[in-house]
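Dropping my_file04.cif in here (mmCIF, C-alpha atoms):
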data_data
#
loop_
_atom_site.label_atom_id
_atom_site.label_comp_id
_atom_site.auth_asym_id
_atom_site.auth_seq_id
_atom_site.Cartn_x
_atom_site.Cartn_y
_atom_site.Cartn_z
CA MET E 1 -24.80 55.96 -2.95
CA LEU E 2 -24.20 59.70 -2.55
CA ASP E 3 -21.56 61.19 -4.81
CA GLY E 4 -18.26 61.80 -3.07
CA TYR E 5 -18.87 59.17 -0.40
CA VAL E 6 -17.82 55.56 0.06
CA TRP E 7 -18.82 52.81 2.48
CA ALA E 8 -16.91 53.10 5.74
CA SER E 9 -14.30 50.43 6.34
CA GLY E 10 -14.34 47.93 9.20
CA ALA E 11 -11.60 49.91 10.93
CA ASP E 12 -13.68 53.11 10.79
CA ILE E 13 -16.74 51.33 12.20
CA LEU E 14 -14.81 49.56 14.94
CA ARG E 15 -12.98 52.69 16.02
CA SER E 16 -16.22 54.69 16.07
CA ALA E 17 -17.95 52.13 18.32
CA GLN E 18 -14.93 51.99 20.59
CA LYS E 19 -14.89 55.76 20.98
CA ASP E 20 -18.63 55.87 21.73
CA ARG E 21 -18.15 53.31 24.50
CA GLU E 22 -15.37 55.42 25.96
CA TYR E 23 -17.47 58.60 25.87
CA VAL E 24 -20.51 56.90 27.43
CA SER E 25 -18.31 55.39 30.14
CA GLU E 26 -16.73 58.75 30.92
CA LEU E 27 -20.12 60.48 31.01
CA ARG E 28 -21.48 57.81 33.35
CA LYS E 29 -18.45 58.17 35.61
CA GLN E 30 -18.89 61.93 35.92
CA ILE E 31 -22.62 61.66 36.64
CA GLU E 32 -21.99 58.92 39.19
CA GLU E 33 -19.41 61.04 41.01
CA ALA E 34 -21.82 63.98 41.09
CA LEU E 35 -24.69 61.86 42.42
CA LYS E 36 -22.55 60.18 45.08
CA SER E 37 -21.52 63.58 46.37
CA CYS E 38 -25.18 64.53 46.75
CA LEU E 39 -26.89 61.29 47.78
CA PRO E 40 -26.39 59.50 51.10
CA PRO E 41 -24.53 56.17 50.81
CA ARG E 42 -27.60 54.14 51.79
CA MET E 43 -29.37 55.28 48.62
CA TRP E 44 -26.64 53.88 46.38
CA SER E 45 -26.90 50.22 45.39
CA ASN E 46 -26.26 47.87 42.49
CA THR E 47 -29.73 48.63 41.19
CA THR E 48 -28.98 52.35 41.24
CA SER E 49 -25.76 51.72 39.34
CA VAL E 50 -27.58 49.71 36.64
CA MET E 51 -30.28 52.36 36.32
CA LEU E 52 -27.62 55.04 35.94
CA GLU E 53 -25.88 53.05 33.22
CA VAL E 54 -29.16 52.68 31.31
CA ALA E 55 -30.07 56.36 31.72
CA THR E 56 -26.61 57.55 30.64
CA SER E 57 -26.58 55.44 27.49
CA MET E 58 -30.12 56.47 26.56
CA TYR E 59 -29.32 60.17 27.09
CA TYR E 60 -26.14 59.94 24.98
CA TYR E 61 -27.92 58.45 21.97
CA LEU E 62 -31.02 60.60 22.48
CA VAL E 63 -29.06 63.84 21.98
CA THR E 64 -27.00 62.42 19.09
CA SER E 65 -28.52 59.71 16.87
CA MET E 66 -32.17 60.45 17.74
CA ALA E 67 -31.58 64.15 17.11
CA GLY E 68 -30.24 63.38 13.62
CA LYS E 69 -26.65 64.10 14.59
CA GLN E 70 -23.46 62.08 14.60
CA THR E 71 -22.30 60.53 17.83
CA LEU E 72 -18.93 61.70 19.14
CA GLY E 73 -17.38 58.45 17.97
CA GLU E 74 -18.82 58.92 14.49
CA GLU E 75 -17.51 62.49 14.39
CA TYR E 76 -14.09 61.26 15.50
CA CYS E 77 -13.94 58.82 12.57
CA ASP E 78 -15.82 61.10 10.15
CA VAL E 79 -18.57 58.56 9.41
CA PHE E 80 -22.36 58.77 9.53
CA GLU E 81 -25.26 56.34 9.54
CA VAL E 82 -27.32 55.59 6.43
CA ASP E 83 -30.09 53.19 5.48
CA SER E 84 -28.54 50.34 3.47
CA ALA E 85 -31.91 49.60 1.83
CA SER E 86 -31.63 52.97 0.04
CA ASN E 87 -28.03 52.15 -0.98
CA GLY E 88 -26.78 54.84 1.37
CA ARG E 89 -28.87 57.70 -0.06
CA TYR E 90 -31.06 58.32 3.00
CA ALA E 91 -30.68 58.48 6.76
CA PRO E 92 -32.02 55.58 8.83
CA PRO E 93 -35.77 55.72 9.63
CA LEU E 94 -36.70 57.22 12.98
CA LEU E 95 -38.00 53.86 14.20
CA SER E 96 -34.63 52.22 13.50
CA SER E 97 -32.79 54.96 15.37
CA ALA E 98 -35.15 54.65 18.33
CA SER E 99 -34.71 50.87 18.39
CA LEU E 100 -30.93 51.27 18.43
CA MET E 101 -31.10 53.78 21.27
CA ILE E 102 -33.17 51.36 23.34
CA PHE E 103 -30.82 48.48 22.54
CA HIS E 104 -27.77 50.46 23.59
CA ALA E 105 -29.50 51.22 26.87
CA VAL E 106 -31.12 47.91 27.84
CA GLY E 107 -30.34 45.53 24.99
CA LYS E 108 -27.97 43.10 26.71
CA LEU E 109 -30.10 42.87 29.85
CA ALA E 110 -33.28 42.42 27.80
CA VAL E 111 -31.80 39.68 25.60
CA LYS E 112 -30.50 37.74 28.58
CA THR E 113 -33.84 38.03 30.38
CA ALA E 114 -35.76 36.93 27.29
CA LEU E 115 -33.52 33.94 26.64
CA LYS E 116 -33.91 32.89 30.25
CA ALA E 117 -37.70 33.28 30.25
CA LEU E 118 -38.35 31.53 26.92
CA PRO E 119 -37.38 28.00 28.04
CA ARG E 120 -39.30 28.46 31.30
CA SER E 121 -42.45 29.19 29.33
CA TYR E 122 -42.15 25.66 27.93
CA GLY E 123 -41.42 24.12 31.32
CA LEU E 124 -37.68 23.83 30.70
CA SER E 125 -34.81 24.99 32.87
CA VAL E 126 -31.56 26.49 31.62
CA ARG E 127 -28.46 27.02 33.73
CA ASP E 128 -27.03 30.52 33.86
CA ASP E 129 -23.63 29.30 32.66
CA ALA E 130 -25.22 27.60 29.64
CA LEU E 131 -27.16 30.77 28.84
CA SER E 132 -24.03 32.89 29.10
CA ALA E 133 -22.17 30.44 26.84
CA LEU E 134 -24.95 30.67 24.22
CA ILE E 135 -24.94 34.48 24.26
CA SER E 136 -21.15 34.53 24.01
CA TRP E 137 -21.24 32.11 21.06
CA ILE E 138 -23.77 34.26 19.19
CA GLN E 139 -21.70 37.39 19.82
CA ARG E 140 -18.51 35.73 18.60
CA ALA E 141 -20.22 34.36 15.49
CA HIS E 142 -21.54 37.82 14.64
CA LEU E 143 -18.15 39.41 15.34
CA ALA E 144 -16.45 36.90 13.03
CA LEU E 145 -18.92 37.82 10.28
CA PHE E 146 -18.14 41.51 10.79
CA TYR E 147 -14.39 40.91 10.55
CA LEU E 148 -14.88 38.95 7.33
CA THR E 149 -17.19 41.43 5.62
CA GLY E 150 -16.54 44.78 7.31
CA LYS E 151 -20.30 45.34 7.71
CA TYR E 152 -22.58 45.65 10.74
CA TYR E 153 -20.45 45.62 13.90
CA GLU E 154 -23.59 45.50 16.05
CA ILE E 155 -26.36 42.91 15.73
CA PRO E 156 -29.23 45.47 15.91
CA LYS E 157 -27.67 47.48 13.07
CA ARG E 158 -27.51 44.32 10.98
CA LEU E 159 -31.21 43.67 11.68
CA ALA E 160 -32.12 47.29 10.96
CA GLY E 161 -29.90 47.50 7.87
CA ILE E 162 -27.93 50.51 9.09
CA ARG E 163 -24.48 51.05 7.61
CA TYR E 164 -21.89 53.85 7.56
CA LEU E 165 -20.60 56.19 4.87
CA ARG E 166 -17.52 58.37 4.93
CA ILE E 167 -16.20 61.07 2.64
CA ALA E 168 -14.18 59.64 -0.22
CA ALA E 169 -10.61 60.77 0.23
CA ALA E 170 -7.14 59.68 -0.72
CA LYS E 171 -6.46 56.03 -0.01
CA ARG E 172 -5.55 55.41 3.61
CA LEU E 173 -3.64 52.49 4.99
CA LEU E 174 -6.19 50.86 7.28
CA PRO E 175 -6.00 47.56 9.13
CA ARG E 176 -7.86 44.65 7.56
CA TYR E 177 -9.59 42.04 9.66
CA GLN E 178 -10.19 39.12 7.30
CA LEU E 179 -7.54 36.96 8.97
CA LEU E 180 -8.95 37.83 12.38
CA GLY E 181 -12.38 36.86 11.10
CA VAL E 182 -11.11 33.49 9.89
CA LEU E 183 -9.46 32.73 13.24
CA LEU E 184 -12.57 33.73 15.16
CA SER E 185 -14.74 31.67 12.80
CA VAL E 186 -12.58 28.62 13.52
CA GLN E 187 -13.02 29.19 17.24
CA VAL E 188 -16.79 29.54 16.88
CA VAL E 189 -17.10 26.36 14.80
CA LEU E 190 -14.89 24.36 17.16
CA SER E 191 -16.87 25.57 20.17
CA ALA E 192 -20.13 24.51 18.54
CA MET E 193 -18.74 21.10 17.54
CA LEU E 194 -17.40 20.41 21.02
CA GLN E 195 -20.68 21.44 22.60
CA LEU E 196 -22.65 19.14 20.28
CA TRP E 197 -20.18 16.31 20.94
CA SER E 198 -20.66 16.70 24.68
CA MET E 199 -24.40 16.15 24.18
CA VAL E 200 -23.94 12.75 22.51
CA PRO E 201 -25.43 10.03 24.76
CA GLY E 202 -22.90 7.89 26.58
CA SER E 203 -20.50 8.65 29.37
CA ASP E 204 -17.50 7.77 27.23
CA HIS E 205 -18.38 10.46 24.75
CA ARG E 206 -18.92 13.03 27.46
CA ARG E 207 -15.64 12.19 29.14
CA THR E 208 -13.84 12.41 25.82
CA SER E 209 -15.43 15.77 25.14
CA LYS E 210 -14.61 17.19 28.56
CA SER E 211 -11.03 15.99 28.45
CA SER E 212 -10.41 17.25 24.94
CA GLN E 213 -12.30 20.53 25.11
CA LYS E 214 -9.77 22.53 27.07
CA PRO E 215 -6.64 21.63 25.10
CA ILE E 216 -8.36 22.26 21.75
CA LEU E 217 -9.80 25.61 22.76
CA GLU E 218 -6.50 26.69 24.23
CA ARG E 219 -4.88 26.23 20.84
CA VAL E 220 -7.47 28.53 19.24
CA PRO E 221 -6.95 32.26 19.92
CA SER E 222 -9.77 33.53 22.09
CA ALA E 223 -11.90 36.51 21.12
CA GLU E 224 -10.62 38.41 24.16
CA VAL E 225 -6.97 37.86 23.17
CA MET E 226 -7.61 38.98 19.61
CA LEU E 227 -9.64 42.02 20.65
CA ALA E 228 -6.98 43.04 23.16
CA ARG E 229 -4.64 43.66 20.23
CA LYS E 230 -7.04 45.76 18.17
CA ASP E 231 -5.92 49.07 19.71
CA LEU E 232 -2.47 48.67 18.20
CA ALA E 233 -3.95 47.94 14.79
CA LEU E 234 -6.36 50.85 15.00
CA GLN E 235 -3.80 53.60 15.50
CA TYR E 236 -4.33 54.99 12.01
CA ALA E 237 -5.78 58.35 12.88
#
Could you quickly redo this structure as structure tokens?
Amino acid sequence: MLDGYVWASGADILRSAQKDREYVSELRKQIEEALKSCLPPRMWSNTTSVMLEVATSMYYYLVTSMAGKQTLGEEYCDVFEVDSASNGRYAPPLLSSASLMIFHAVGKLAVKTALKALPRSYGLSVRDDALSALISWIQRAHLALFYLTGKYYEIPKRLAGIRYLRIAAAKRLLPRYQLLGVLLSVQVVLSAMLQLWSMVPGSDHRRTSKSSQKPILERVPSAEVMLARKDLALQYA
């Protein structure tokens, strides 16, 4: 690791990602307003909106990460990306940065399309609600792991081995997310167990699962409820 630097904390990483989402959203909003004032209403559709979202995200990361610069969120939290394989001594490879830019732009749509097409290639059919539940479960499992370890808030950065450094300074009082990670892990495990239980042959088992699923899950804090409180915990700057 570079002298004078330390690994960024989970709070730094989370706040940086949150700020980047806010900046991308604001940029998209301004571009959308400008285009709507120039284009006739008939040319605006859901497809146009999706294309604009993809283009805005790609442009944002093209002029920041791909150009070897910090994103606005990273500047706000005073962190920068490094290659974990080099123990934080070198910047991420260009290919990793390009992959991340593409993921930010079309990643969610591409993953959902791929997961839907894969079973069909084997002659299987998957309901949209089941697919959404699977994606949600994977996201929550990864988020729980981030809260427990403070590493890799985004799945592509975990795969690419990209972490964050920040300048070593006086100790700051930052929120810790281990307890949040434990709670979310419990929710993920319970969700998986209930889903497997519902697949056990026999109507009695299925009825038991369906009748018990809602009360059990209601007693476990949802990811949305826990994430809704993160803003209060992140007011450290």
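Between atom CA of Glu154 of chain E and atom CA of Val50 of chain E the interatomic distance comes to 21.4 Å.
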(message) So, with only C-alpha atoms as the atoms that count, which of E:Leu62, E:Leu94, E:Leu131, E:Leu179 lies closest to Ala114 of chain E?
(response)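 Closest to Ala114 of chain E of all the choices is E:Leu131.
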(request) Would you please work out which residue, of E:Ser49, E:Gln70, E:Ser84, E:Ser65, is nearest to Ser99 of chain E when using all atoms listed in the file? (result)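 Result for the nearest residue to Ser99 of chain E: E:Ser65.
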(message) Please determine, counting all atoms listed in the file, which residue among E:Phe146, E:Trp137, E:Tyr177, E:Trp7 has the shortest atom-to-atom distance to Val189 of chain E.
(response)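 For Val189 of chain E, the nearest of the given residues is E:Trp137.
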(request) Calculate how many Å separate atom CA of Arg120 of chain E from atom CA of Leu196 of chain E, rounding to one decimal. (result)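 Spanning atom CA of Arg120 of chain E to atom CA of Leu196 of chain E is a straight-line distance of 22.0 Å.
Note that the spacing between atom CA of Val63 of chain E and atom CA of Arg28 of chain E amounts to 14.9 Å.
This file gives the following result for the PyMOL selection byres ((chain E and resi 14-23) around 7): Gly10, Ala11, Asp12, Ile13, Val24, Ser25, Glu26, Leu27, Leu72, Gly73, Glu74, Tyr76, Cys77, Tyr153 and Leu234 of chain E.
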(request) Fewer than 5 positions away in the same chain doesn't count, so skip those; otherwise give me all residues within 10 Å of Tyr152 of chain E, counting all atoms listed in the file, as a list in words. (result) Gly10, Ile13, Leu14, His142, Leu143, Leu145, Phe146, Tyr147, Lys157, Arg158, Leu159, Ala160, Gly161, Ile162, Arg163 and Tyr164 of chain E
(message) Can you spell out as a VMD selection string the set of residues that the PyMOL selection byres ((chain E and resi 66) around 10) selects in the structure I just provided?
(response) chain E and resid 58 to 65 67 to 71 94 to 101
(message) Counting only C-alpha atoms, find residues at most 10 Å from (-26.8, 54.0, 1.2) (file frame) and give them as a PyMOL selection string.
(response) chain E and resi 1-2+5-7+81-92+161-165
(message) Neighbouring residues of Phe103 of chain E were defined as those with any atom within 10 Å, considering all atoms listed in the file; residues of the same chain fewer than 6 positions away were excluded. Please report them as a ChimeraX atom specification.
(response) /E:54,57-58,97,109-111,155-156
